[in-house]
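Visitor: What follows is data.cif; its format and atoms are mmCIF, C-alpha atoms.
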```cif
data_target
loop_
_atom_site.label_atom_id
_atom_site.label_comp_id
_atom_site.auth_asym_id
_atom_site.auth_seq_id
_atom_site.Cartn_x
_atom_site.Cartn_y
_atom_site.Cartn_z
CA MET A 1 0.00 0.00 0.00
CA LEU A 2 1.34 3.44 -0.87
CA PHE A 3 1.69 6.14 1.72
CA PHE A 4 2.89 9.66 2.38
CA VAL A 5 4.27 10.79 5.71
CA VAL A 6 4.67 14.31 7.04
CA HIS A 7 6.89 14.52 10.12
CA PHE A 8 6.38 17.20 12.75
CA THR A 9 9.59 17.44 14.73
CA SER A 10 10.63 19.26 17.86
CA ASN A 11 13.85 20.20 19.60
CA ASP A 12 12.44 18.79 22.82
CA PRO A 13 14.46 15.61 23.59
CA ASN A 14 11.41 14.09 25.28
CA ASN A 15 9.47 14.12 22.02
CA GLU A 16 9.54 10.82 20.16
CA PRO A 17 7.85 10.23 16.79
CA LEU A 18 5.20 7.58 16.42
CA SER A 19 5.09 5.02 13.63
CA PRO A 20 3.69 6.17 10.26
CA LEU A 21 0.15 5.51 9.17
CA ASN A 22 -0.03 3.55 5.94
CA LEU A 23 -2.75 5.15 3.88
CA PRO A 24 -3.19 5.28 0.08
CA GLY A 25 -1.49 8.20 -1.66
CA TRP A 26 1.58 9.18 -3.61
CA ILE A 27 4.99 7.61 -3.15
CA LEU A 28 7.44 10.46 -2.65
CA LYS A 29 11.22 10.21 -2.79
CA THR A 30 11.70 12.01 0.52
CA LYS A 31 9.68 12.58 3.64
CA THR A 32 8.55 16.09 4.47
CA TYR A 33 9.45 17.35 7.91
CA PHE A 34 7.73 20.23 9.70
CA SER A 35 8.82 21.67 13.02
CA ARG A 36 6.13 22.42 15.56
CA ASN A 37 8.35 25.11 17.06
CA SER A 38 8.39 27.42 14.02
CA PRO A 39 5.57 29.19 12.19
CA VAL A 40 4.64 28.06 8.69
CA PHE A 41 3.69 30.63 6.08
CA LEU A 42 1.38 29.72 3.21
CA LEU A 43 0.52 32.44 0.68
CA GLY A 44 0.24 35.17 3.28
CA LYS A 45 -1.27 33.09 6.08
CA CYS A 46 0.63 31.94 9.15
CA TYR A 47 0.11 28.60 10.88
CA HIS A 48 1.71 27.30 14.04
CA PHE A 49 1.84 23.65 15.03
CA LYS A 50 2.42 24.14 18.74
CA ALA A 51 0.59 21.78 21.07
CA GLU A 52 -2.89 22.61 22.23
CA GLU A 53 -1.64 23.72 25.63
CA ALA A 54 0.46 26.55 24.15
CA SER A 55 -1.09 29.95 24.74
CA VAL A 56 -2.54 31.91 21.85
CA GLU A 57 -0.51 34.92 22.98
CA SER A 58 2.83 33.09 22.65
CA VAL A 59 1.90 31.67 19.26
CA ALA A 60 0.78 35.03 17.94
CA GLY A 61 3.94 36.66 19.23
CA SER A 62 6.15 34.13 17.46
CA CYS A 63 4.41 34.68 14.14
CA SER A 64 4.42 38.46 14.51
CA ASP A 65 8.16 38.54 15.08
CA GLU A 66 8.77 36.86 11.73
CA ALA A 67 6.23 38.88 9.76
CA SER A 68 6.97 42.38 11.02
CA GLU A 69 3.64 42.54 12.88
CA ARG A 70 1.54 41.99 9.75
CA GLU A 71 -1.94 40.64 10.33
CA LEU A 72 -1.65 36.86 10.42
CA VAL A 73 -3.90 33.86 10.65
CA ILE A 74 -3.03 31.46 13.43
CA GLY A 75 -4.14 27.94 12.69
CA SER A 76 -3.65 24.32 13.57
CA VAL A 77 -2.13 21.54 11.55
CA VAL A 78 -5.50 20.53 10.16
CA GLU A 79 -6.26 24.08 9.08
CA PHE A 80 -2.90 24.29 7.34
CA ARG A 81 -3.47 21.03 5.50
CA ARG A 82 -6.97 22.06 4.49
CA ASP A 83 -5.61 25.34 3.15
CA PHE A 84 -2.73 23.69 1.28
CA ALA A 85 -4.89 20.94 -0.21
CA SER A 86 -7.39 23.55 -1.44
CA ARG A 87 -4.82 25.14 -3.75
CA ILE A 88 -5.24 24.03 -7.37
CA TRP A 89 -2.58 21.53 -8.42
CA LEU A 90 -1.73 21.17 -12.11
CA THR A 91 0.70 18.45 -13.12
CA TYR A 92 1.96 16.56 -16.13
CA ARG A 93 -0.85 14.74 -17.92
CA GLU A 94 -0.88 11.95 -20.44
CA GLN A 95 -3.34 10.63 -23.04
CA PHE A 96 -4.82 14.05 -23.72
CA PRO A 97 -5.82 15.20 -27.26
CA GLN A 98 -2.82 15.57 -29.55
CA ILE A 99 -1.17 18.98 -29.51
CA GLN A 100 -1.59 20.61 -32.91
CA GLY A 101 1.54 20.55 -35.05
CA SER A 102 3.17 17.80 -33.00
CA SER A 103 2.79 14.16 -32.04
CA PHE A 104 2.60 14.93 -28.30
CA THR A 105 -0.29 13.60 -26.25
CA SER A 106 1.55 14.27 -22.97
CA ASP A 107 3.72 17.03 -21.54
CA CYS A 108 5.67 14.69 -19.27
CA GLY A 109 9.34 15.65 -19.11
CA TRP A 110 9.08 19.15 -20.60
CA GLY A 111 5.96 21.01 -19.44
CA CYS A 112 6.79 21.60 -15.77
CA THR A 113 7.29 25.37 -16.02
CA LEU A 114 4.03 25.75 -17.94
CA ARG A 115 2.31 23.82 -15.15
CA THR A 116 3.81 25.97 -12.40
CA GLY A 117 2.66 29.06 -14.31
CA GLN A 118 -0.83 27.61 -14.52
CA MET A 119 -0.87 26.95 -10.77
CA LEU A 120 0.17 30.50 -9.96
CA LEU A 121 -2.48 31.94 -12.28
CA ALA A 122 -5.07 29.54 -10.85
CA GLN A 123 -4.36 30.91 -7.37
CA GLY A 124 -4.95 34.42 -8.67
CA LEU A 125 -8.27 33.32 -10.13
CA VAL A 126 -9.21 31.63 -6.85
CA LEU A 127 -8.62 34.93 -5.05
CA HIS A 128 -10.71 36.72 -7.67
CA LEU A 129 -13.73 34.43 -7.65
CA LEU A 130 -13.57 32.69 -4.28
CA GLY A 131 -11.34 34.73 -1.96
CA ARG A 132 -8.27 33.79 0.08
CA ASP A 133 -10.31 32.22 2.91
CA TRP A 134 -12.03 29.75 0.60
CA THR A 135 -11.21 26.08 1.12
CA TRP A 136 -12.40 23.03 -0.76
CA SER A 137 -14.94 21.02 1.22
CA ASP A 138 -13.26 17.72 0.29
CA ALA A 139 -9.71 18.88 0.99
CA LEU A 140 -9.25 16.59 3.99
CA LYS A 141 -10.91 13.58 2.36
CA MET A 142 -8.19 12.88 -0.18
CA ASP A 143 -5.82 9.95 0.10
CA GLY A 144 -2.48 10.97 1.47
CA LEU A 145 -3.82 13.60 3.87
CA ASP A 146 -2.12 11.87 6.71
CA THR A 147 0.42 12.77 9.33
CA GLU A 148 2.91 10.70 11.25
CA SER A 149 2.07 12.44 14.51
CA TRP A 150 3.10 15.14 16.89
CA THR A 151 4.08 14.26 20.41
CA ALA A 152 1.44 16.16 22.36
CA SER A 153 -1.56 14.15 23.54
CA ALA A 154 -3.95 16.61 21.91
CA ALA A 155 -2.24 16.05 18.57
CA ARG A 156 -2.51 12.27 18.95
CA LYS A 157 -6.25 12.63 19.45
CA LEU A 158 -6.47 14.76 16.32
CA VAL A 159 -4.60 12.19 14.24
CA SER A 160 -6.84 9.46 15.61
CA SER A 161 -9.88 11.45 14.54
CA LEU A 162 -8.50 11.91 11.02
CA GLU A 163 -7.55 8.24 10.82
CA SER A 164 -11.08 7.23 11.74
CA SER A 165 -12.53 9.43 9.04
CA PHE A 166 -10.30 7.81 6.41
CA GLN A 167 -11.50 4.36 7.51
CA GLY A 168 -15.10 5.35 7.12
CA LEU A 169 -15.76 5.55 10.85
CA LYS A 170 -18.05 8.15 12.29
CA PRO A 171 -16.06 11.27 13.23
CA PRO A 172 -16.77 13.23 16.42
CA GLU A 173 -20.12 14.95 16.30
CA SER A 174 -20.08 18.57 15.26
CA HIS A 175 -22.19 21.03 17.18
CA ALA A 176 -22.02 23.68 14.50
CA PRO A 177 -25.40 25.04 13.45
CA ALA A 178 -26.95 23.73 10.25
CA PRO A 179 -26.26 25.99 7.28
CA GLY A 180 -29.03 28.31 6.23
CA ARG A 181 -30.31 28.86 2.73
CA ALA A 182 -28.02 31.82 2.10
CA GLU A 183 -24.98 29.81 3.18
CA GLU A 184 -26.02 26.86 1.02
CA ALA A 185 -26.47 29.15 -1.99
CA SER A 186 -23.02 30.64 -1.39
CA THR A 187 -21.51 27.15 -1.15
CA ASP A 188 -23.19 26.09 -4.40
CA LEU A 189 -21.87 29.19 -6.17
CA ASN A 190 -18.37 28.50 -4.84
CA CYS A 191 -18.56 24.96 -6.22
CA VAL A 192 -19.49 26.37 -9.63
CA HIS A 193 -16.56 28.81 -9.54
CA HIS A 194 -14.20 26.07 -8.35
CA ARG A 195 -15.03 23.78 -11.26
CA LYS A 196 -14.99 26.67 -13.70
CA ILE A 197 -11.44 27.62 -12.69
CA VAL A 198 -10.24 24.03 -13.06
CA SER A 199 -11.91 23.74 -16.46
CA TRP A 200 -10.03 26.81 -17.74
CA PHE A 201 -6.80 24.81 -17.33
CA ALA A 202 -8.09 21.60 -18.91
CA ASP A 203 -5.84 19.63 -21.25
CA CYS A 204 -7.81 20.14 -24.44
CA PRO A 205 -7.61 22.64 -27.33
CA ALA A 206 -10.77 24.48 -26.26
CA ALA A 207 -9.56 25.28 -22.72
CA GLN A 208 -8.97 29.00 -22.13
CA ILE A 209 -5.61 28.57 -20.37
CA GLY A 210 -4.85 24.90 -21.01
CA VAL A 211 -1.49 23.54 -22.16
CA HIS A 212 -2.69 23.36 -25.78
CA ARG A 213 -3.52 27.07 -25.77
CA LEU A 214 -0.30 28.08 -24.00
CA ILE A 215 1.82 26.18 -26.49
CA GLU A 216 -0.04 27.83 -29.36
CA LEU A 217 0.69 31.27 -27.88
CA GLY A 218 4.31 30.28 -27.25
CA HIS A 219 4.95 30.04 -31.00
CA ALA A 220 5.39 33.83 -31.05
CA SER A 221 8.43 33.34 -28.81
CA GLY A 222 9.82 30.56 -30.99
CA LYS A 223 8.62 27.87 -28.59
CA SER A 224 7.00 24.58 -29.54
CA ALA A 225 5.68 21.51 -27.77
CA GLY A 226 8.60 19.65 -26.22
CA ASP A 227 10.70 22.81 -25.69
CA TRP A 228 11.75 24.20 -22.33
CA TYR A 229 9.86 27.33 -21.26
CA GLY A 230 11.55 29.78 -18.87
CA PRO A 231 9.66 31.53 -16.05
CA ALA A 232 9.71 34.88 -17.89
CA VAL A 233 8.41 33.45 -21.17
CA VAL A 234 5.63 31.68 -19.29
CA ALA A 235 4.63 34.98 -17.65
CA HIS A 236 4.15 36.62 -21.07
CA ILE A 237 2.28 33.61 -22.44
CA LEU A 238 -0.11 33.72 -19.48
CA ARG A 239 -0.65 37.44 -20.05
CA LYS A 240 -1.66 36.87 -23.64
CA ALA A 241 -3.82 33.84 -22.78
CA VAL A 242 -5.89 35.84 -20.30
CA LYS A 243 -6.09 38.83 -22.66
CA GLU A 244 -7.49 36.66 -25.45
CA ALA A 245 -9.75 34.53 -23.24
CA THR A 246 -13.39 34.60 -24.27
CA ASP A 247 -15.07 33.38 -21.09
CA PRO A 248 -17.12 36.30 -19.64
CA ALA A 249 -15.81 35.56 -16.15
CA LEU A 250 -12.28 36.38 -17.30
CA GLN A 251 -13.12 39.68 -18.97
CA GLY A 252 -12.38 41.85 -15.94
CA ILE A 253 -8.93 40.36 -15.30
CA THR A 254 -5.67 41.71 -16.68
CA VAL A 255 -2.25 40.09 -16.34
CA TYR A 256 0.51 42.69 -16.10
CA VAL A 257 4.12 41.59 -16.67
CA ALA A 258 6.86 43.82 -15.25
CA GLN A 259 9.35 45.35 -17.69
CA ASP A 260 13.03 44.86 -16.94
CA CYS A 261 12.26 44.11 -13.27
CA THR A 262 10.26 47.34 -13.04
CA VAL A 263 6.57 47.70 -12.21
CA TYR A 264 5.17 50.90 -13.72
CA SER A 265 2.40 51.93 -11.35
CA ALA A 266 0.40 53.94 -13.88
CA ASP A 267 0.13 50.93 -16.19
CA VAL A 268 -1.29 48.79 -13.38
CA ILE A 269 -3.71 51.51 -12.26
CA ASP A 270 -4.91 52.00 -15.84
CA SER A 271 -5.70 48.29 -16.04
CA LEU A 272 -7.69 48.47 -12.81
CA GLN A 273 -9.71 51.45 -14.02
CA LYS A 274 -10.47 50.48 -17.61
CA PRO A 275 -13.92 48.98 -18.32
CA ALA A 276 -14.20 45.23 -18.76
CA GLN A 277 -14.07 44.07 -22.36
CA GLY A 278 -16.77 42.05 -24.04
CA PRO A 279 -20.56 42.26 -24.08
CA GLU A 280 -22.66 42.58 -20.94
CA THR A 281 -23.90 39.15 -19.88
CA GLU A 282 -25.52 37.69 -16.81
CA THR A 283 -22.50 35.48 -16.20
CA ARG A 284 -19.85 38.14 -16.60
CA VAL A 285 -17.91 38.97 -13.44
CA ASP A 286 -17.54 42.75 -13.56
CA ARG A 287 -15.01 42.96 -10.74
CA LYS A 288 -11.71 44.31 -12.02
CA ALA A 289 -8.43 42.77 -11.00
CA VAL A 290 -4.82 42.78 -12.08
CA ILE A 291 -2.49 39.83 -11.65
CA ILE A 292 1.03 41.23 -11.49
CA LEU A 293 3.84 38.96 -12.68
CA ILE A 294 7.43 40.01 -12.07
CA PRO A 295 10.21 37.96 -13.73
CA VAL A 296 13.38 38.38 -11.65
CA ARG A 297 16.83 36.90 -11.28
CA LEU A 298 18.08 36.56 -7.72
CA GLY A 299 21.75 36.14 -8.46
CA GLY A 300 24.18 34.82 -11.05
CA GLU A 301 24.64 31.08 -11.44
CA LYS A 302 23.16 30.54 -7.97
CA THR A 303 20.68 32.46 -5.86
CA ASN A 304 22.44 35.01 -3.67
CA PRO A 305 21.69 34.20 0.01
CA GLU A 306 21.04 37.92 0.56
CA TYR A 307 17.70 37.38 -1.21
CA PHE A 308 16.44 34.59 1.08
CA ASP A 309 14.78 36.96 3.54
CA PHE A 310 13.31 38.87 0.61
CA VAL A 311 11.63 35.70 -0.70
CA LYS A 312 10.29 34.94 2.78
CA GLY A 313 8.89 38.45 3.02
CA ILE A 314 7.17 38.10 -0.35
CA LEU A 315 5.55 34.75 0.52
CA SER A 316 4.25 36.16 3.81
CA LEU A 317 2.24 38.89 2.06
CA GLU A 318 -1.51 38.32 1.75
CA TYR A 319 -1.47 39.59 -1.84
CA CYS A 320 1.14 37.07 -2.99
CA ILE A 321 -0.07 34.27 -5.27
CA GLY A 322 3.20 32.37 -5.26
CA ILE A 323 6.41 32.06 -7.23
CA ILE A 324 7.17 30.23 -10.48
CA GLY A 325 10.62 28.88 -9.81
CA GLY A 326 12.43 25.72 -8.88
CA LYS A 327 15.88 24.27 -8.66
CA PRO A 328 18.21 23.33 -11.52
CA LYS A 329 16.50 20.76 -13.76
CA GLN A 330 13.06 21.07 -12.12
CA ALA A 331 10.36 23.77 -11.94
CA TYR A 332 8.20 24.10 -8.83
CA TYR A 333 5.37 26.33 -7.66
CA PHE A 334 6.47 27.90 -4.37
CA VAL A 335 3.64 28.75 -1.97
CA GLY A 336 5.28 29.22 1.43
CA PHE A 337 8.13 28.50 3.78
CA GLN A 338 9.17 27.36 7.22
CA ASP A 339 12.53 28.40 8.63
CA ASP A 340 15.10 27.88 5.85
CA SER A 341 12.93 25.70 3.62
CA LEU A 342 10.50 26.61 0.85
CA ILE A 343 7.13 24.85 0.61
CA TYR A 344 6.09 23.96 -2.91
CA MET A 345 3.69 22.09 -5.16
CA ASP A 346 5.35 19.67 -7.55
CA PRO A 347 4.10 19.30 -11.14
CA HIS A 348 6.30 16.25 -11.81
CA TYR A 349 3.56 13.63 -11.51
CA CYS A 350 2.21 12.24 -14.75
CA GLN A 351 -1.50 11.83 -14.20
CA SER A 352 -4.14 10.63 -16.62
CA PHE A 353 -6.19 13.03 -18.71
CA VAL A 354 -9.47 14.19 -17.11
CA ASP A 355 -12.34 15.17 -19.38
CA VAL A 356 -13.72 18.29 -17.70
CA SER A 357 -16.65 18.43 -20.11
CA MET A 358 -18.22 15.56 -18.16
CA ASN A 359 -20.83 16.62 -15.63
CA GLY A 360 -19.36 16.30 -12.14
CA PHE A 361 -15.85 15.43 -13.36
CA PRO A 362 -13.54 14.29 -10.51
CA LEU A 363 -11.56 17.05 -8.81
CA GLU A 364 -9.22 14.97 -6.67
CA SER A 365 -6.31 14.95 -9.13
CA PHE A 366 -6.39 18.77 -9.26
CA HIS A 367 -5.55 19.10 -5.57
CA CYS A 368 -2.30 18.09 -3.91
CA PRO A 369 -2.69 16.27 -0.58
CA SER A 370 0.97 16.43 0.40
CA PRO A 371 3.24 19.48 0.79
CA LYS A 372 6.91 19.23 -0.09
CA LYS A 373 9.87 21.28 1.11
CA MET A 374 13.18 22.39 -0.38
CA SER A 375 16.14 24.27 1.09
CA PHE A 376 16.47 27.91 0.06
CA THR A 377 20.05 27.13 -0.96
CA LYS A 378 18.77 24.99 -3.86
CA LEU A 379 16.60 27.76 -5.31
CA ASP A 380 17.39 28.59 -8.94
CA PRO A 381 17.86 32.37 -9.39
CA SER A 382 15.40 32.57 -12.32
CA CYS A 383 11.82 32.95 -11.15
CA THR A 384 8.59 34.89 -11.60
CA ILE A 385 6.79 36.39 -8.60
CA GLY A 386 3.02 36.88 -8.64
CA PHE A 387 0.63 39.26 -6.87
CA TYR A 388 -3.11 39.86 -7.04
CA SER A 389 -4.68 43.33 -6.87
CA ARG A 390 -8.44 43.89 -6.82
CA SER A 391 -8.47 47.69 -6.77
CA VAL A 392 -6.33 50.82 -6.94
CA GLN A 393 -6.38 50.93 -3.15
CA ASP A 394 -5.17 47.32 -3.06
CA PHE A 395 -2.34 48.12 -5.44
CA GLU A 396 -1.23 51.13 -3.41
CA LYS A 397 -1.14 48.95 -0.30
CA ILE A 398 0.74 46.24 -2.20
CA SER A 399 3.31 48.77 -3.40
CA GLU A 400 3.81 50.03 0.14
CA GLU A 401 4.15 46.57 1.67
CA ILE A 402 6.45 45.23 -1.03
CA SER A 403 8.65 48.32 -0.81
CA LYS A 404 9.22 47.43 2.85
CA VAL A 405 10.16 43.88 1.88
CA LEU A 406 12.52 45.14 -0.83
CA LYS A 407 14.50 47.34 1.56
CA PRO A 408 16.47 44.54 3.26
CA SER A 409 17.73 43.35 -0.15
CA SER A 410 18.76 46.88 -1.16
CA LYS A 411 22.29 46.14 0.05
CA GLU A 412 22.47 43.95 -3.03
CA LYS A 413 23.92 45.87 -5.95
CA TYR A 414 20.72 45.24 -7.90
CA PRO A 415 17.38 45.02 -6.05
CA ALA A 416 15.09 42.20 -7.13
CA PHE A 417 12.65 44.67 -8.71
CA THR A 418 11.35 48.20 -8.26
CA PHE A 419 8.13 50.23 -8.43
CA VAL A 420 8.21 53.35 -10.61
CA LYS A 421 5.49 55.96 -11.03
CA GLY A 422 4.28 56.58 -14.56
CA HIS A 423 3.89 54.40 -17.65
CA GLY A 424 6.44 52.05 -19.14
CA ARG A 425 7.18 51.63 -22.81
CA ASP A 426 5.49 48.83 -24.72
CA TYR A 427 7.21 45.56 -23.91
CA GLU A 428 7.31 42.91 -26.61
CA GLN A 429 8.34 39.30 -26.20
CA SER A 430 11.08 39.88 -28.75
CA GLU A 431 12.95 41.72 -25.99
CA LEU A 432 13.47 38.47 -24.09
CA THR A 433 16.64 36.47 -24.45
CA SER A 434 16.46 33.00 -25.95
CA GLU A 435 16.41 31.62 -22.39
CA GLY A 436 13.31 33.68 -21.57
CA GLU A 437 15.08 36.22 -19.34
CA PRO A 438 14.64 40.01 -19.63
CA ARG A 439 17.46 41.67 -21.56
CA HIS A 440 19.00 43.23 -18.48
CA PRO A 441 22.68 44.20 -18.71
CA GLN A 442 23.65 43.19 -15.19
CA TYR A 443 22.24 39.68 -15.45
CA SER A 444 23.74 36.67 -17.11
CA SER A 445 21.39 34.44 -19.08
CA GLY A 446 20.40 31.21 -17.48
CA GLY A 447 17.56 29.25 -16.02
CA PHE A 448 16.61 25.67 -15.45
CA VAL A 449 18.08 22.72 -17.31
CA LEU A 450 15.59 20.52 -19.09
CA LEU A 451 15.50 16.96 -17.83
#
```
How would this structure read if it were set down as structure tokens?

Guide:
Amino acid sequence: MLFFVVHFTSNDPNNEPLSPLNLPGWILKTKTYFSRNSPVFLLGKCYHFKAEEASVESVAGSCSDEASERELVIGSVVEFRRDFASRIWLTYREQFPQIQGSSFTSDCGWGCTLRTGQMLLAQGLVLHLLGRDWTWSDALKMDGLDTESWTASAARKLVSSLESSFQGLKPPESHAPAPGRAEEASTDLNCVHHRKIVSWFADCPAAQIGVHRLIELGHASGKSAGDWYGPAVVAHILRKAVKEATDPALQGITVYVAQDCTVYSADVIDSLQKPAQGPETETRVDRKAVIILIPVRLGGEKTNPEYFDFVKGILSLEYCIGIIGGKPKQAYYFVGFQDDSLIYMDPHYCQSFVDVSMNGFPLESFHCPSPKKMSFTKLDPSCTIGFYSRSVQDFEKISEEISKVLKPSSKEKYPAFTFVKGHGRDYEQSELTSEGEPRHPQYSSGGFVLL
């Protein structure tokens, strides 16, 4: 039987791990360890795995110290896992319709950066249609949502409760009030939005932001199916895919890609103020939003350690939708961190094609039950950072908060990126290097190596 184990460790010598629970799930090459003594940040939210007896005040203080007193969400292990498993996971697929102009019916081995870009954009769309506090109702029901254990007695009881639910036993009774009609209607609408977002990334030619469409748009950059796509090239492809999308629910969204590591504030504000394109329809979401993508390079051949705190600061912001990045030879979608390790979602699983045109198509393979971690020291310097802005006021707050995060890295000769008032010149994909990096004189070309 396959299983996944997450270890929660402690510096307390009296703490001893229990034996793993063998439940169905993915086989992973390494086990993922989490400390219960350090806060965990996930896309702007903070979780702490301290035992039940720890005071809320001490937990909140620990998180605040690491996040410069930003407003944080304190949660338990289960809340963290529910949140993580609710993020949309897009991986390699096989046996999908043939990609036009090629013989490929799978992107296994070459499409990982496209998949990480899709995941980042999907998170932006989740914020737009569902909000950051939304979680999938079945997030804790998936195989692999299992922990080894934490040493506190309260944690053991929690694991036992989860274990019982996996075995089909009756969980502890909930005393929460029954949902009213308004709540049920809201839940139904969220389910519709959830499936709609997943369907936009389907592996078929008709999907708005599916692999077939992204590869078609990549031809303008000289890319074809089977090629390696850098984080910067993927950012521009996503921008064009959203711009040309025909679904009414996407009409109010603009993807802005920074120019030469510079965000021109007036360009973003113009996008937030312009009217939505397309005809008025009952299904059109008229809310405006801008997804800001910033291709950066955090060093030369390797990431400069001076940028590690900068990356932590970015991932602790509530407006952050993640980072398209990875390590040499592999692209990952980074969503958080604990101590000196990044937390990521891995696209390197080749799953079977899912026909999203089927009524009630299964959602399980679009959600990752198991977080993975990687040392900051392995981070490839080429990456694309994403933010979501719903309004001009949001953007002004984002600019202010990010400027604070950028200050510690200002001792670097070249800051990761900057905000500039005014408009930028038109930025064409032809101004990218062949590796997909901005033509920036102080940076050497580079990126990931294709497996």

Visitor: Scan for residues within 10 Å of the point (7.5, 21.3, 3.8) in the coordinates of the file, using all atoms listed in the file, and reply as an mmCIF file with C-alpha atoms, in the coordinates of the input.

Guide:
```cif
data_model
loop_
_atom_site.group_PDB
_atom_site.id
_atom_site.type_symbol
_atom_site.label_atom_id
_atom_site.label_comp_id
_atom_site.auth_asym_id
_atom_site.auth_seq_id
_atom_site.Cartn_x
_atom_site.Cartn_y
_atom_site.Cartn_z
ATOM 1 C CA VAL A 6 4.670 14.310 7.040
ATOM 2 C CA HIS A 7 6.890 14.520 10.120
ATOM 3 C CA PHE A 8 6.380 17.200 12.750
ATOM 4 C CA LYS A 31 9.680 12.580 3.640
ATOM 5 C CA THR A 32 8.550 16.090 4.470
ATOM 6 C CA TYR A 33 9.450 17.350 7.910
ATOM 7 C CA PHE A 34 7.730 20.230 9.700
ATOM 8 C CA SER A 35 8.820 21.670 13.020
ATOM 9 C CA VAL A 40 4.640 28.060 8.690
ATOM 10 C CA GLY A 336 5.280 29.220 1.430
ATOM 11 C CA PHE A 337 8.130 28.500 3.780
ATOM 12 C CA GLN A 338 9.170 27.360 7.220
ATOM 13 C CA ASP A 339 12.530 28.400 8.630
ATOM 14 C CA SER A 341 12.930 25.700 3.620
ATOM 15 C CA LEU A 342 10.500 26.610 0.850
ATOM 16 C CA ILE A 343 7.130 24.850 0.610
ATOM 17 C CA TYR A 344 6.090 23.960 -2.910
ATOM 18 C CA MET A 345 3.690 22.090 -5.160
ATOM 19 C CA SER A 370 0.970 16.430 0.400
ATOM 20 C CA PRO A 371 3.240 19.480 0.790
ATOM 21 C CA LYS A 372 6.910 19.230 -0.090
ATOM 22 C CA LYS A 373 9.870 21.280 1.110
ATOM 23 C CA MET A 374 13.180 22.390 -0.380
ATOM 24 C CA SER A 375 16.140 24.270 1.090
#
```

Visitor: In Å, rounded to a single decimal, give me how far atom CA of Thr384 of chain A is from atom CA of Tyr307 of chain A.

Guide: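 Between these atoms lies a distance of 14.0 Å.
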
Visitor: What is the distance between atom CA of Thr187 of chain A and atom CA of Trp136 of chain A, in Å to one decimal?

Guide: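 Answer for the atom CA of Thr187 of chain A to atom CA of Trp136 of chain A separation: 10.0 Å.
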
Visitor: Choose the residue, out of A:Ala289, A:Leu189, A:Ala225, A:Leu127, that has the smallest atom-to-atom separation from Val242 of chain A; count all atoms listed in the file.

Guide: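 Counting all atoms listed in the file, the residue closest to Val242 of chain A is A:Ala289.
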
Visitor: List, as a CSV table (one decimal) with C-alpha atoms, keeping the file's coordinate frame, every residue that the PyMOL selection byres ((chain A and resi 84) around 12) selects in the file provided.

Guide:
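Output file expr03.csv is given in full below:
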```csv
chain,number,residue,atom,x,y,z
A,40,VAL,CA,4.6,28.1,8.7
A,41,PHE,CA,3.7,30.6,6.1
A,42,LEU,CA,1.4,29.7,3.2
A,43,LEU,CA,0.5,32.4,0.7
A,45,LYS,CA,-1.3,33.1,6.1
A,46,CYS,CA,0.6,31.9,9.2
A,47,TYR,CA,0.1,28.6,10.9
A,77,VAL,CA,-2.1,21.5,11.6
A,78,VAL,CA,-5.5,20.5,10.2
A,79,GLU,CA,-6.3,24.1,9.1
A,80,PHE,CA,-2.9,24.3,7.3
A,81,ARG,CA,-3.5,21.0,5.5
A,82,ARG,CA,-7.0,22.1,4.5
A,83,ASP,CA,-5.6,25.3,3.2
A,85,ALA,CA,-4.9,20.9,-0.2
A,86,SER,CA,-7.4,23.6,-1.4
A,87,ARG,CA,-4.8,25.1,-3.8
A,88,ILE,CA,-5.2,24.0,-7.4
A,89,TRP,CA,-2.6,21.5,-8.4
A,123,GLN,CA,-4.4,30.9,-7.4
A,132,ARG,CA,-8.3,33.8,0.1
A,133,ASP,CA,-10.3,32.2,2.9
A,134,TRP,CA,-12.0,29.8,0.6
A,135,THR,CA,-11.2,26.1,1.1
A,136,TRP,CA,-12.4,23.0,-0.8
A,139,ALA,CA,-9.7,18.9,1.0
A,140,LEU,CA,-9.2,16.6,4.0
A,145,LEU,CA,-3.8,13.6,3.9
A,334,PHE,CA,6.5,27.9,-4.4
A,335,VAL,CA,3.6,28.8,-2.0
A,336,GLY,CA,5.3,29.2,1.4
A,343,ILE,CA,7.1,24.8,0.6
A,344,TYR,CA,6.1,24.0,-2.9
A,345,MET,CA,3.7,22.1,-5.2
A,367,HIS,CA,-5.6,19.1,-5.6
A,368,CYS,CA,-2.3,18.1,-3.9
A,369,PRO,CA,-2.7,16.3,-0.6
A,370,SER,CA,1.0,16.4,0.4
A,371,PRO,CA,3.2,19.5,0.8
A,372,LYS,CA,6.9,19.2,-0.1
```

Visitor: Report as an mmCIF file with C-alpha atoms, keeping the file's coordinate frame the full result of the PyMOL selection byres ((chain A and resi 327) around 6) when it is applied to this structure.

Guide:
```
data_model
loop_
_atom_site.group_PDB
_atom_site.id
_atom_site.type_symbol
_atom_site.label_atom_id
_atom_site.label_comp_id
_atom_site.auth_asym_id
_atom_site.auth_seq_id
_atom_site.Cartn_x
_atom_site.Cartn_y
_atom_site.Cartn_z
ATOM 1 C CA GLY A 326 12.430 25.720 -8.880
ATOM 2 C CA PRO A 328 18.210 23.330 -11.520
ATOM 3 C CA GLN A 330 13.060 21.070 -12.120
ATOM 4 C CA LYS A 378 18.770 24.990 -3.860
ATOM 5 C CA LEU A 379 16.600 27.760 -5.310
ATOM 6 C CA ASP A 380 17.390 28.590 -8.940
#
```

Visitor: What's the 12 Å shell around Leu129 of chain A, counting all atoms listed in the file, without same-chain residues fewer than 6 positions away, as a PyMOL selection string?

Guide: chain A and resi 122-123+186+189-197+249-250+252-253+284-289+388+390
